[in-house]
Amino acid sequence: MTSTIRFRLNGRPAALDAEQGAVLLWALRTSLQLTGAKHGCGAGLCGACTVLVDGKAVRSCITPLARVAGKEVVTIEGLAQDGRLHPLQQAFIEHDAFQCGYCTPGMVLAAQSLLNANAAPSRDEIAAHLDQNLCRCGAHQRIVDAVESASR
Ligand code: FES
């Protein structure tokens, strides 16, 4: 059985006909061709698939599409505005806060979720918030530098 799920996506209305049990990550990546959210573990453990739902970080690989009905979803593709990178994206570049880049969309959106709740977090708060977003290249220190810089 399918149903139509309506929500806002990166500032625009979106509607998808979805099977029961459809998962947000795959709806984004396959139906909507937004491939910024990555598939890592597929089990809610690594954070590569993080998107924002009503401003909070959500692991899209374990989020039913139906759960975002009526909500505002932001993916990494929606963060830059008017052709300008978001300050967090700019800070990641300036602080060289990635190597392979696979974790970066999820890291940036998890960081934005923190800044939505706390505009001036301490380094410890940044590190604690991003602790469950994994970076296999070991760029965590530079990621914390970038988020701290973007929060000033
Ligand atoms: Fe979703 Fe790892 S792919 S948390």
# chains A, B, ... in the order shown; residues from 1 in each chain; ligands from 1
call {"tool": "residues_around", "arguments": {"residues": "range 124-135 of chain A", "least_positions_apart": "4", "cutoff": "6 Å", "atoms": "only C-alpha atoms", "output": "ChimeraX atom specification"}}
result
/A:46-47,103
call {"tool": "residues_around", "arguments": {"residues": "range 144-148 of chain A", "least_positions_apart": "4", "cutoff": "6 Å", "atoms": "only C-alpha atoms", "output": "number ranges by chain"}}
result
A: 91-92, 95
call {"tool": "write_last_selection", "arguments": {"atoms": "N, CA and C atoms", "output": "mmCIF file, in the first residue's frame"}}
result
data_model
loop_
_atom_site.group_PDB
_atom_site.id
_atom_site.type_symbol
_atom_site.label_atom_id
_atom_site.label_comp_id
_atom_site.auth_asym_id
_atom_site.auth_seq_id
_atom_site.Cartn_x
_atom_site.Cartn_y
_atom_site.Cartn_z
ATOM 1 N N ALA A 91 33.597 27.204 7.016
ATOM 2 C CA ALA A 91 34.552 26.914 8.094
ATOM 3 C C ALA A 91 35.191 25.543 7.912
ATOM 4 N N PHE A 92 34.431 24.565 7.447
ATOM 5 C CA PHE A 92 35.011 23.238 7.192
ATOM 6 C C PHE A 92 36.119 23.345 6.135
ATOM 7 N N HIS A 95 39.215 25.197 7.675
ATOM 8 C CA HIS A 95 39.932 24.413 8.686
ATOM 9 C C HIS A 95 40.334 23.033 8.169
#
call {"tool": "closest_atom_pairs", "arguments": {"of": "range 73-110 of chain A", "to": "range 13-32 of chain A", "cutoff": "12 Å", "atoms": "only C-alpha atoms", "output": "CSV"}}
result
residue,atom,partner,partner_atom,distance
A:Val73,CA,A:Ala14,CA,9.7
A:Val74,CA,A:Leu28,CA,10.6
A:Thr75,CA,A:Leu28,CA,8.8
A:Ile76,CA,A:Leu28,CA,11.3
A:Glu77,CA,A:Leu28,CA,10.8
A:Gly106,CA,A:Leu25,CA,11.9
call {"tool": "residues_near_ligand", "arguments": {"ligand": "ligand 1", "cutoff": "8 Å", "atoms": "only C-alpha atoms and all ligand atoms", "output": "mmCIF file with C-alpha atoms, in the first residue's frame"}}
result
data_model
loop_
_atom_site.group_PDB
_atom_site.id
_atom_site.type_symbol
_atom_site.label_atom_id
_atom_site.label_comp_id
_atom_site.auth_asym_id
_atom_site.auth_seq_id
_atom_site.Cartn_x
_atom_site.Cartn_y
_atom_site.Cartn_z
ATOM 1 C CA LEU A 25 17.527 8.163 3.396
ATOM 2 C CA LYS A 38 25.402 9.139 2.784
ATOM 3 C CA HIS A 39 24.786 5.503 3.549
ATOM 4 C CA GLY A 40 27.339 4.278 6.052
ATOM 5 C CA CYS A 41 26.208 1.704 8.585
ATOM 6 C CA GLY A 42 22.509 1.752 7.776
ATOM 7 C CA ALA A 43 21.800 1.142 11.448
ATOM 8 C CA GLY A 44 21.802 4.575 13.068
ATOM 9 C CA LEU A 45 25.343 4.256 14.382
ATOM 10 C CA CYS A 46 27.708 6.334 12.229
ATOM 11 C CA GLY A 47 25.894 9.594 11.410
ATOM 12 C CA ALA A 48 26.802 9.655 7.708
ATOM 13 C CA CYS A 49 23.105 9.906 6.809
ATOM 14 C CA THR A 50 22.305 12.808 9.164
ATOM 15 C CA ARG A 59 19.627 9.674 11.228
ATOM 16 C CA SER A 60 17.765 9.282 7.985
ATOM 17 C CA CYS A 61 18.742 5.624 7.524
ATOM 18 C CA ILE A 62 16.490 4.621 10.405
ATOM 19 C CA ASN A 133 29.311 11.046 14.053
#
call {"tool": "closest_residue", "arguments": {"among": "A:Ala57, A:Leu9, A:Ala66, A:Cys137", "to": "Tyr102 in chain A", "atoms": "only C-alpha atoms"}}
result
A:Cys137
call {"tool": "atom_distance", "arguments": {"atom1": "CA of Ser113 in chain A", "atom2": "CA of Ser151 in chain A"}}
result
12.0 Å
call {"tool": "select_by_dssp", "arguments": {"residues": "chain A", "states": "helix (DSSP H, G or I)", "output": "PyMOL selection string"}}
result
chain A and resi 24-31+60-62+65-68+76-78+87-94+104-117+123-129+140-150
call {"tool": "atom_distance", "arguments": {"atom1": "CA of Glu72 in chain A", "atom2": "CA of Arg12 in chain A"}}
result
8.9 Å
call {"tool": "residues_around", "arguments": {"residues": "Val68 in chain A", "least_positions_apart": "6", "cutoff": "8 Å", "atoms": "only C-alpha atoms", "output": "PDB file with C-alpha atoms, in the first residue's frame"}}
result
ATOM      1  CA  ILE A   5       3.889  11.899   2.187  1.00  0.00           C
ATOM      2  CA  PHE A   7       6.686  17.699   3.724  1.00  0.00           C
ATOM      3  CA  VAL A  53      14.131  17.532  10.650  1.00  0.00           C
TER       4      VAL A  53
END
call {"tool": "closest_residue", "arguments": {"among": "A:Gly138, A:Pro121, A:Gly78, A:Pro87", "to": "Leu34 in chain A", "atoms": "only C-alpha atoms"}}
result
A:Gly78
call {"tool": "decode", "arguments": {"residues": "range 6-34 of chain A", "atoms": "C-alpha atoms", "output": "PDB file, in the first residue's frame"}}
result
ATOM      1  CA  ARG A   6       3.974  15.689   2.054  1.00  0.00           C
ATOM      2  CA  PHE A   7       6.686  17.699   3.724  1.00  0.00           C
ATOM      3  CA  ARG A   8       9.007  20.627   3.114  1.00  0.00           C
ATOM      4  CA  LEU A   9      12.414  19.863   1.714  1.00  0.00           C
ATOM      5  CA  ASN A  10      15.150  22.470   1.625  1.00  0.00           C
ATOM      6  CA  GLY A  11      12.587  25.245   1.763  1.00  0.00           C
ATOM      7  CA  ARG A  12      10.224  23.884  -0.884  1.00  0.00           C
ATOM      8  CA  PRO A  13       7.114  21.706  -0.762  1.00  0.00           C
ATOM      9  CA  ALA A  14       7.751  18.025  -1.507  1.00  0.00           C
ATOM     10  CA  ALA A  15       5.440  15.065  -1.960  1.00  0.00           C
ATOM     11  CA  LEU A  16       6.336  11.437  -2.463  1.00  0.00           C
ATOM     12  CA  ASP A  17       4.183   8.383  -3.025  1.00  0.00           C
ATOM     13  CA  ALA A  18       5.771   5.907  -0.684  1.00  0.00           C
ATOM     14  CA  GLU A  19       5.324   2.294   0.281  1.00  0.00           C
ATOM     15  CA  GLN A  20       4.672   1.621   3.922  1.00  0.00           C
ATOM     16  CA  GLY A  21       8.026   1.335   5.658  1.00  0.00           C
ATOM     17  CA  ALA A  22       9.865   3.559   3.161  1.00  0.00           C
ATOM     18  CA  VAL A  23      13.026   5.013   4.697  1.00  0.00           C
ATOM     19  CA  LEU A  24      13.921   8.705   4.509  1.00  0.00           C
ATOM     20  CA  LEU A  25      17.527   8.163   3.396  1.00  0.00           C
ATOM     21  CA  TRP A  26      16.534   6.112   0.363  1.00  0.00           C
ATOM     22  CA  ALA A  27      13.663   8.423  -0.510  1.00  0.00           C
ATOM     23  CA  LEU A  28      16.155  11.305  -0.574  1.00  0.00           C
ATOM     24  CA  ARG A  29      18.860   9.448  -2.464  1.00  0.00           C
ATOM     25  CA  THR A  30      16.784   7.529  -4.999  1.00  0.00           C
ATOM     26  CA  SER A  31      13.424   9.240  -5.472  1.00  0.00           C
ATOM     27  CA  LEU A  32      14.685  12.798  -5.059  1.00  0.00           C
ATOM     28  CA  GLN A  33      18.290  12.358  -6.304  1.00  0.00           C
ATOM     29  CA  LEU A  34      19.682  14.157  -3.278  1.00  0.00           C
TER      30      LEU A  34
END
